[in-house]
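start_3.txt follows; it contains compact mmCIF, C-alpha atoms.
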# COMPACT_ATOMS: atom_id res chain seq x y z
CA MET A 42 -110.42 -0.46 -157.85
CA SER A 43 -111.46 -0.27 -154.20
CA ASN A 44 -110.46 3.41 -154.23
CA LEU A 45 -112.63 4.02 -157.29
CA LYS A 46 -115.57 2.26 -155.62
CA GLU A 47 -115.17 4.41 -152.53
CA ILE A 48 -115.13 7.61 -154.58
CA ARG A 49 -118.18 6.48 -156.60
CA SER A 50 -120.01 5.77 -153.34
CA ARG A 51 -119.16 9.22 -151.99
CA ILE A 52 -120.27 10.86 -155.25
CA SER A 53 -123.60 9.05 -155.00
CA SER A 54 -124.06 10.09 -151.35
CA VAL A 55 -123.19 13.74 -151.97
CA THR A 56 -125.49 13.86 -155.00
CA THR A 57 -128.39 12.61 -152.86
CA ILE A 58 -127.59 15.12 -150.13
CA ARG A 59 -127.49 17.95 -152.67
CA GLN A 60 -130.91 16.95 -153.98
CA VAL A 61 -132.32 16.99 -150.43
CA THR A 62 -130.80 20.35 -149.47
CA SER A 63 -131.92 21.89 -152.74
CA ALA A 64 -135.50 20.68 -152.15
CA MET A 65 -135.42 21.97 -148.56
CA LYS A 66 -134.18 25.32 -149.81
CA MET A 67 -137.14 25.62 -152.20
CA VAL A 68 -139.63 24.60 -149.50
CA SER A 69 -138.18 27.15 -147.07
CA ALA A 70 -138.28 29.84 -149.74
CA ALA A 71 -142.00 29.20 -150.26
CA LYS A 72 -142.66 29.25 -146.50
CA LEU A 73 -140.55 32.38 -146.11
CA LYS A 74 -142.75 34.31 -148.53
CA LYS A 75 -145.85 33.52 -146.48
CA ALA A 76 -144.11 34.19 -143.15
CA GLN A 77 -142.63 37.44 -144.43
CA ASP A 78 -146.04 38.67 -145.59
CA GLY A 79 -147.46 37.88 -142.14
CA ILE A 80 -144.88 39.86 -140.17
CA ILE A 81 -144.94 42.79 -142.59
CA GLN A 82 -148.72 43.02 -142.25
CA ILE A 83 -148.82 42.92 -138.44
CA ARG A 84 -145.98 45.36 -137.73
CA PRO A 85 -147.92 48.56 -138.62
CA TYR A 86 -150.88 47.39 -136.52
CA ALA A 87 -148.66 46.53 -133.54
CA ASP A 88 -146.85 49.87 -133.78
CA LYS A 89 -150.14 51.77 -134.01
CA MET A 90 -151.52 49.89 -131.02
CA ASN A 91 -148.49 50.89 -128.95
CA SER A 92 -148.87 54.48 -130.17
CA ILE A 93 -152.53 54.59 -129.12
CA ILE A 94 -151.70 53.25 -125.67
CA GLY A 95 -148.90 55.79 -125.36
CA THR A 96 -151.20 58.66 -126.34
CA ILE A 97 -154.00 57.68 -123.97
CA ALA A 98 -151.69 56.77 -121.10
CA SER A 99 -149.95 60.13 -121.37
CA GLU A 100 -153.31 61.72 -120.56
CA LEU A 101 -154.31 59.23 -117.86
CA ASP A 102 -152.62 58.67 -114.54
CA ARG A 103 -154.83 55.63 -114.01
CA ALA A 104 -152.77 53.61 -116.50
CA ALA A 105 -150.09 53.43 -113.84
CA ASN A 106 -152.61 51.56 -111.64
CA SER A 107 -153.10 48.75 -114.15
CA PRO A 108 -152.05 45.36 -112.70
CA PHE A 109 -149.91 44.84 -115.80
CA THR A 110 -147.76 47.89 -115.03
CA ILE A 111 -146.87 47.14 -111.40
CA GLN A 112 -143.09 47.16 -111.15
CA ASN A 113 -142.00 44.78 -108.40
CA ASP A 114 -138.47 43.61 -107.70
CA PRO A 115 -137.81 40.66 -110.05
CA ASN A 116 -137.62 37.94 -107.43
CA LYS A 117 -138.97 35.21 -109.72
CA VAL A 118 -138.26 35.45 -113.45
CA LEU A 119 -139.64 33.53 -116.42
CA VAL A 120 -137.72 33.61 -119.70
CA VAL A 121 -139.79 32.64 -122.73
CA VAL A 122 -137.48 31.31 -125.45
CA ILE A 123 -138.88 31.15 -129.00
CA ALA A 124 -136.83 28.72 -131.08
CA SER A 125 -137.89 26.09 -133.67
CA ASN A 126 -139.19 22.53 -133.70
CA ARG A 127 -136.80 21.48 -136.46
CA GLY A 128 -133.09 21.86 -136.99
CA GLN A 129 -131.03 22.43 -140.13
CA CYS A 130 -131.40 26.21 -139.91
CA GLY A 131 -127.82 27.21 -139.23
CA ALA A 132 -127.13 29.04 -135.97
CA PHE A 133 -130.77 30.11 -135.53
CA ASN A 134 -131.43 28.00 -132.42
CA SER A 135 -127.97 28.16 -130.86
CA ASN A 136 -127.95 31.97 -131.11
CA VAL A 137 -131.31 32.40 -129.37
CA ILE A 138 -130.25 30.02 -126.57
CA LYS A 139 -126.97 31.90 -126.21
CA ARG A 140 -128.89 35.19 -125.86
CA ALA A 141 -131.25 33.67 -123.29
CA SER A 142 -128.26 32.32 -121.37
CA GLU A 143 -126.59 35.75 -121.39
CA LEU A 144 -129.80 37.31 -120.08
CA ALA A 145 -130.19 34.78 -117.26
CA GLU A 146 -126.54 34.77 -116.21
CA GLY A 147 -126.15 38.52 -116.61
CA ARG A 148 -129.18 40.58 -115.64
CA TYR A 149 -130.70 37.88 -113.41
CA ALA A 150 -127.54 36.22 -112.10
CA SER A 151 -128.56 36.46 -108.43
CA GLN A 152 -132.01 35.01 -109.11
CA LEU A 153 -130.44 32.23 -111.20
CA ARG A 154 -128.15 31.22 -108.33
CA LYS A 155 -131.21 30.93 -106.09
CA GLY A 156 -133.00 28.77 -108.67
CA LYS A 157 -135.65 31.40 -109.31
CA VAL A 158 -135.09 31.83 -113.06
CA HIS A 159 -137.26 29.44 -115.05
CA PHE A 160 -137.69 28.91 -118.77
CA LEU A 161 -140.69 28.30 -121.01
CA SER A 162 -139.61 26.83 -124.33
CA ILE A 163 -141.47 27.31 -127.59
CA GLY A 164 -139.69 24.95 -129.95
CA LYS A 165 -138.24 21.46 -129.41
CA GLN A 166 -134.74 22.54 -130.40
CA GLY A 167 -134.80 25.25 -127.76
CA GLU A 168 -135.94 22.84 -125.05
CA LYS A 169 -133.18 20.38 -125.94
CA ARG A 170 -130.45 23.02 -125.73
CA LEU A 171 -131.80 24.59 -122.53
CA LYS A 172 -131.83 21.24 -120.75
CA THR A 173 -128.32 20.52 -122.01
CA LYS A 174 -127.19 23.73 -120.29
CA GLY A 175 -128.91 22.63 -117.09
CA TYR A 176 -131.66 25.26 -117.02
CA LYS A 177 -135.06 24.51 -115.52
CA VAL A 178 -137.71 24.31 -118.25
CA ILE A 179 -141.05 24.44 -116.43
CA GLU A 180 -143.26 24.27 -119.50
CA THR A 181 -143.21 23.84 -123.27
CA ALA A 182 -145.52 25.07 -126.03
CA HIS A 183 -144.13 23.40 -129.14
CA HIS A 184 -147.60 22.95 -130.64
CA THR A 185 -147.92 26.72 -131.05
CA LEU A 186 -145.36 26.64 -133.86
CA GLU A 187 -147.03 23.75 -135.69
CA LYS A 188 -150.18 25.77 -136.35
CA LEU A 189 -149.21 29.38 -135.85
CA ASN A 190 -152.26 31.63 -135.63
CA TYR A 191 -153.60 34.42 -133.44
CA GLU A 192 -155.93 32.11 -131.49
CA SER A 193 -153.19 29.78 -130.25
CA SER A 194 -150.84 32.71 -129.67
CA SER A 195 -153.52 34.61 -127.73
CA ALA A 196 -154.18 31.59 -125.50
CA LEU A 197 -150.49 31.31 -124.65
CA ALA A 198 -150.25 35.07 -124.04
CA ASN A 199 -153.20 34.81 -121.63
CA HIS A 200 -151.36 31.99 -119.86
CA LEU A 201 -148.30 34.20 -119.42
CA MET A 202 -150.44 37.09 -118.18
CA ASP A 203 -152.00 34.76 -115.59
CA PHE A 204 -148.50 33.84 -114.41
CA PHE A 205 -147.85 37.52 -113.75
CA LEU A 206 -151.23 38.45 -112.28
CA THR A 207 -151.20 35.55 -109.82
CA GLY A 208 -147.70 36.51 -108.65
CA LYS A 209 -146.06 33.29 -109.82
CA TYR A 210 -143.49 35.42 -111.64
CA ASP A 211 -142.53 39.05 -111.08
CA ARG A 212 -141.03 39.46 -114.53
CA ILE A 213 -141.46 37.75 -117.87
CA GLU A 214 -138.90 38.17 -120.66
CA LEU A 215 -139.16 37.21 -124.33
CA VAL A 216 -136.09 36.04 -126.26
CA TYR A 217 -136.44 35.53 -130.01
CA ASN A 218 -135.03 36.29 -133.46
CA GLN A 219 -136.46 39.39 -135.10
CA PHE A 220 -136.79 39.13 -138.88
CA LYS A 221 -134.84 41.68 -140.93
CA ASN A 222 -134.31 39.84 -144.19
CA ALA A 223 -133.71 36.29 -145.41
CA ALA A 224 -130.04 36.38 -144.42
CA VAL A 225 -130.17 38.57 -141.31
CA GLN A 226 -131.94 37.97 -137.99
CA VAL A 227 -131.63 40.29 -135.00
CA LEU A 228 -131.60 38.70 -131.54
CA ILE A 229 -134.14 40.37 -129.25
CA ALA A 230 -134.51 40.10 -125.47
CA GLU A 231 -137.42 42.28 -124.36
CA GLN A 232 -139.50 42.63 -121.22
CA PHE A 233 -142.99 41.31 -121.77
CA LEU A 234 -144.37 41.88 -118.26
CA PRO A 235 -144.69 44.14 -116.43
CA VAL A 236 -145.35 46.72 -119.14
CA LYS A 237 -142.60 49.31 -118.99
CA GLN A 238 -143.71 52.77 -117.90
CA ASP A 239 -141.61 54.51 -120.54
CA MET A 240 -143.43 52.53 -123.23
CA LYS A 241 -146.66 54.25 -122.29
CA LYS A 242 -145.54 57.78 -121.48
CA GLU A 243 -144.14 59.51 -124.52
CA GLU A 244 -143.20 63.14 -124.68
CA LYS A 245 -145.54 65.00 -127.01
CA SER A 246 -144.70 68.12 -128.96
CA HIS A 247 -148.37 68.92 -129.54
CA GLU A 248 -150.77 70.52 -127.11
CA LYS A 249 -152.52 68.36 -124.57
CA TYR A 250 -155.84 67.02 -125.85
CA ASN A 251 -159.10 66.73 -123.97
CA PHE A 252 -160.46 63.21 -124.45
CA PHE A 253 -164.00 61.96 -124.06
CA PHE A 254 -163.99 58.27 -123.21
CA GLU A 255 -166.65 55.76 -124.14
CA PRO A 256 -166.70 53.33 -122.34
CA SER A 257 -165.00 54.52 -119.15
CA GLU A 258 -161.30 55.30 -118.82
CA ASP A 259 -160.72 52.26 -116.61
CA GLU A 260 -162.48 49.99 -119.09
CA ILE A 261 -160.36 51.27 -121.99
CA ILE A 262 -157.12 50.67 -120.12
CA LYS A 263 -158.40 47.27 -118.98
CA ILE A 264 -159.06 46.24 -122.59
CA LEU A 265 -156.20 47.91 -124.48
CA ILE A 266 -153.19 46.76 -122.44
CA PRO A 267 -154.00 43.00 -122.58
CA ARG A 268 -154.83 43.31 -126.28
CA SER A 269 -151.54 45.11 -126.91
CA LEU A 270 -149.66 42.36 -125.04
CA LYS A 271 -151.34 39.69 -127.17
CA ILE A 272 -150.38 41.54 -130.35
CA GLN A 273 -146.82 42.00 -129.10
CA PHE A 274 -146.52 38.28 -128.35
CA PHE A 275 -148.03 37.24 -131.69
CA LYS A 276 -145.63 39.58 -133.49
CA ALA A 277 -142.69 37.95 -131.68
CA LEU A 278 -143.87 34.50 -132.86
CA LEU A 279 -144.28 35.73 -136.44
CA ASP A 280 -140.85 37.38 -136.32
CA SER A 281 -139.29 34.14 -135.12
CA ASN A 282 -141.12 32.07 -137.73
CA ALA A 283 -139.99 34.30 -140.60
CA SER A 284 -136.45 34.33 -139.20
CA GLU A 285 -136.45 30.52 -138.99
CA GLN A 286 -137.49 30.11 -142.62
CA GLY A 287 -134.94 32.68 -143.75
CA ALA A 288 -132.18 31.01 -141.72
CA ARG A 289 -133.10 27.56 -143.06
CA MET A 290 -133.23 28.78 -146.65
CA THR A 291 -129.81 30.41 -146.27
CA ALA A 292 -128.36 27.32 -144.58
CA MET A 293 -129.72 24.98 -147.25
CA HIS A 294 -128.44 27.30 -149.99
CA GLN A 295 -124.95 27.17 -148.48
CA ALA A 296 -125.21 23.39 -148.02
CA THR A 297 -126.21 22.98 -151.68
CA ASP A 298 -123.29 25.12 -152.82
CA ASN A 299 -120.90 23.16 -150.60
CA ALA A 300 -122.23 19.86 -151.99
CA THR A 301 -121.73 21.16 -155.53
CA ASP A 302 -118.13 22.11 -154.78
CA LEU A 303 -117.50 18.75 -153.13
CA LEU A 304 -118.97 16.90 -156.10
CA ARG A 305 -116.69 18.81 -158.44
CA GLU A 306 -113.68 17.82 -156.36
CA LEU A 307 -114.77 14.18 -156.05
CA ARG A 308 -115.33 13.86 -159.79
CA LEU A 309 -111.90 15.33 -160.43
CA ASN A 310 -110.33 12.85 -157.99
CA TYR A 311 -112.33 10.03 -159.58
CA ASN A 312 -111.08 10.90 -163.05
CA LYS A 313 -107.51 11.14 -161.77
CA ALA A 314 -107.75 7.79 -160.02
CA ARG A 315 -109.38 6.19 -163.07
CA GLN A 316 -106.68 7.60 -165.35
CA ALA A 317 -103.97 6.30 -162.99
CA THR A 318 -105.58 2.85 -162.96
CA ILE A 319 -105.76 2.74 -166.75
CA THR A 320 -102.14 3.90 -167.03
CA ASN A 321 -101.03 1.17 -164.61
CA GLU A 322 -102.93 -1.45 -166.61
CA ILE A 323 -101.31 -0.27 -169.85
CA LEU A 324 -97.86 -0.41 -168.22
CA GLU A 325 -98.56 -3.95 -166.99
CA ILE A 326 -99.62 -5.03 -170.49
CA VAL A 327 -96.58 -3.42 -172.11
CA SER A 328 -94.26 -4.93 -169.50
CA GLY A 329 -95.81 -8.35 -170.05
CA ALA A 330 -95.42 -8.07 -173.80
CA GLU A 331 -91.78 -7.04 -173.43
CA ALA A 332 -91.19 -9.96 -171.10
CA LEU A 333 -92.65 -12.41 -173.63
CA LYS A 334 -90.44 -10.99 -176.34
CA GLY A 335 -87.41 -11.50 -174.13
What is this file in structure tokens?
Amino acid sequence: MSNLKEIRSRISSVTTIRQVTSAMKMVSAAKLKKAQDGIIQIRPYADKMNSIIGTIASELDRAANSPFTIQNDPNKVLVVVIASNRGQCGAFNSNVIKRASELAEGRYASQLRKGKVHFLSIGKQGEKRLKTKGYKVIETAHHTLEKLNYESSSALANHLMDFFLTGKYDRIELVYNQFKNAAVQVLIAEQFLPVKQDMKKEEKSHEKYNFFFEPSEDEIIKILIPRSLKIQFFKALLDSNASEQGARMTAMHQATDNATDLLRELRLNYNKARQATITNEILEIVSGAEALKG
């Protein structure tokens, strides 16, 4: 009977777990719809913003004099890792930390050995894994994910731009999951600052235009590049958020299916054990009856 009690206890536990994972799957599915709408809406705007900067910069040599485009040797590097505050989303967090680790130990290996590669973590799970690997996390911004909007994202982007303008870091990299669909996330490691020259100068097949600028050319470049950086950073956060919800929904769906399969197996084992117990009891009764007859 102790075996039957153990199986009943496991059936009860697995049933509870299945209920939880199923509920989490439905919650993530609802959040995914909102997050997916957000990233789909901002992508055309972000792409158009980059296109406008490319068109104007191709006509202006002054864009190369913007403080955000100065290409110095990357002596001090900041890697911004966008992960999640909560777990139970499959390999979402471990993959982004693995990509950040590859970036630091590959492209910036010499700076890392000198202790000049630092990390800024957005997401508690990312911070935990970075510290486990022994990396130096100088700052965190977990609150940004709790209430994700353009205002909080813009404030953090300004903070990163100040890091670059003041010379605290010569290069800032973003590492995050780009949303493709609910089941697929693409790991991205892209240079945030300085702005790459080839991002601004695109080859044009059309004739060169004559532009009239209002306000001045310098003022336009001064406004557009920081705004583009803020949009780029906000898009990265939205991409990561949608990827997180998709990864969690997929993970909870798999967990629910696994719990269902395990329940089926446990119930089969329970019925077998119960049948064996009943058979043994019948044999004992028959044996006792035969003994009395003897």
* **Selection near segment 182-194 of chain A, 12 Å with only C-alpha atoms, sequence-local residues under 5 positions removed, as a PyMOL selection string** => chain A and resi 75-76+79-80+83+121-127+160-169+199-201+268+270-283+285
* Atomic distance atom CA of Asp78 of chain A - atom CA of Ser284 of chain A, expressed in Å with one decimal ->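 Result for atom CA of Asp78 of chain A versus atom CA of Ser284 of chain A: 12.3 Å, one decimal.
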May I have the residues within 7 Å of Leu228 of chain A as a PDB file with C-alpha atoms, in the frame of the given file, using only C-alpha atoms and disregarding those fewer than 3 positions away in the same chain?
ATOM      1  CA  VAL A 137    -131.310  32.400-129.370  1.00  0.00           C
ATOM      2  CA  TYR A 217    -136.440  35.530-130.010  1.00  0.00           C
ATOM      3  CA  ASN A 218    -135.030  36.290-133.460  1.00  0.00           C
ATOM      4  CA  GLN A 219    -136.460  39.390-135.100  1.00  0.00           C
TER       5      GLN A 219
END
* Structure fact -> From the list A:Thr320, A:Asn44, A:Ser142, A:Ser69, the nearest residue to Arg289 of chain A using all atoms listed in the file is A:Ser69
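Near Leu144 of chain A, within a cut-off of 9 Å and counting all atoms listed in the file, sit the residues Val120, Lys139, Arg140, Arg148, Tyr149, Ala150, Val216 and Ala230 of chain A, with same-chain residues fewer than 4 positions away left out.
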* To do: Record the distance separating atom CA of Ala71 of chain A and atom CA of Gly287 of chain A, expressed in Å with one decimal.
  =>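 Going from atom CA of Ala71 of chain A over to atom CA of Gly287 of chain A covers 10.2 Å.
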* Asked: Of the candidates A:Pro267, A:Pro115, A:Pro108, A:Pro85, which shows the shortest atom-to-atom distance to Ser195 of chain A, using only C-alpha atoms?
  ->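 That would be A:Pro267, the residue with the smallest distance to Ser195 of chain A.
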* Atom-to-atom span, atom CA of Ala141 of chain A and atom CA of Pro235 of chain A, Å -> 18.4 Å
* What's the 9 Å shell around Asp211 of chain A, counting all atoms listed in the file, without same-chain residues fewer than 2 positions away, as an NGL selection string? -> :A and (112-119 or 204-206 or 208-209 or 213 or 234-235)
* Residues near Ile52 of chain A, cut-off 10 Å, only C-alpha atoms, skip fewer than 4 positions along chain, as a list in words ->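 Residues meeting the cut-off are Lys46, Glu47, Ile48, Thr56, Thr57, Ile58, Ala300, Leu303, Leu304, Arg305, Glu306, Leu307, Arg308 and Tyr311 of chain A.
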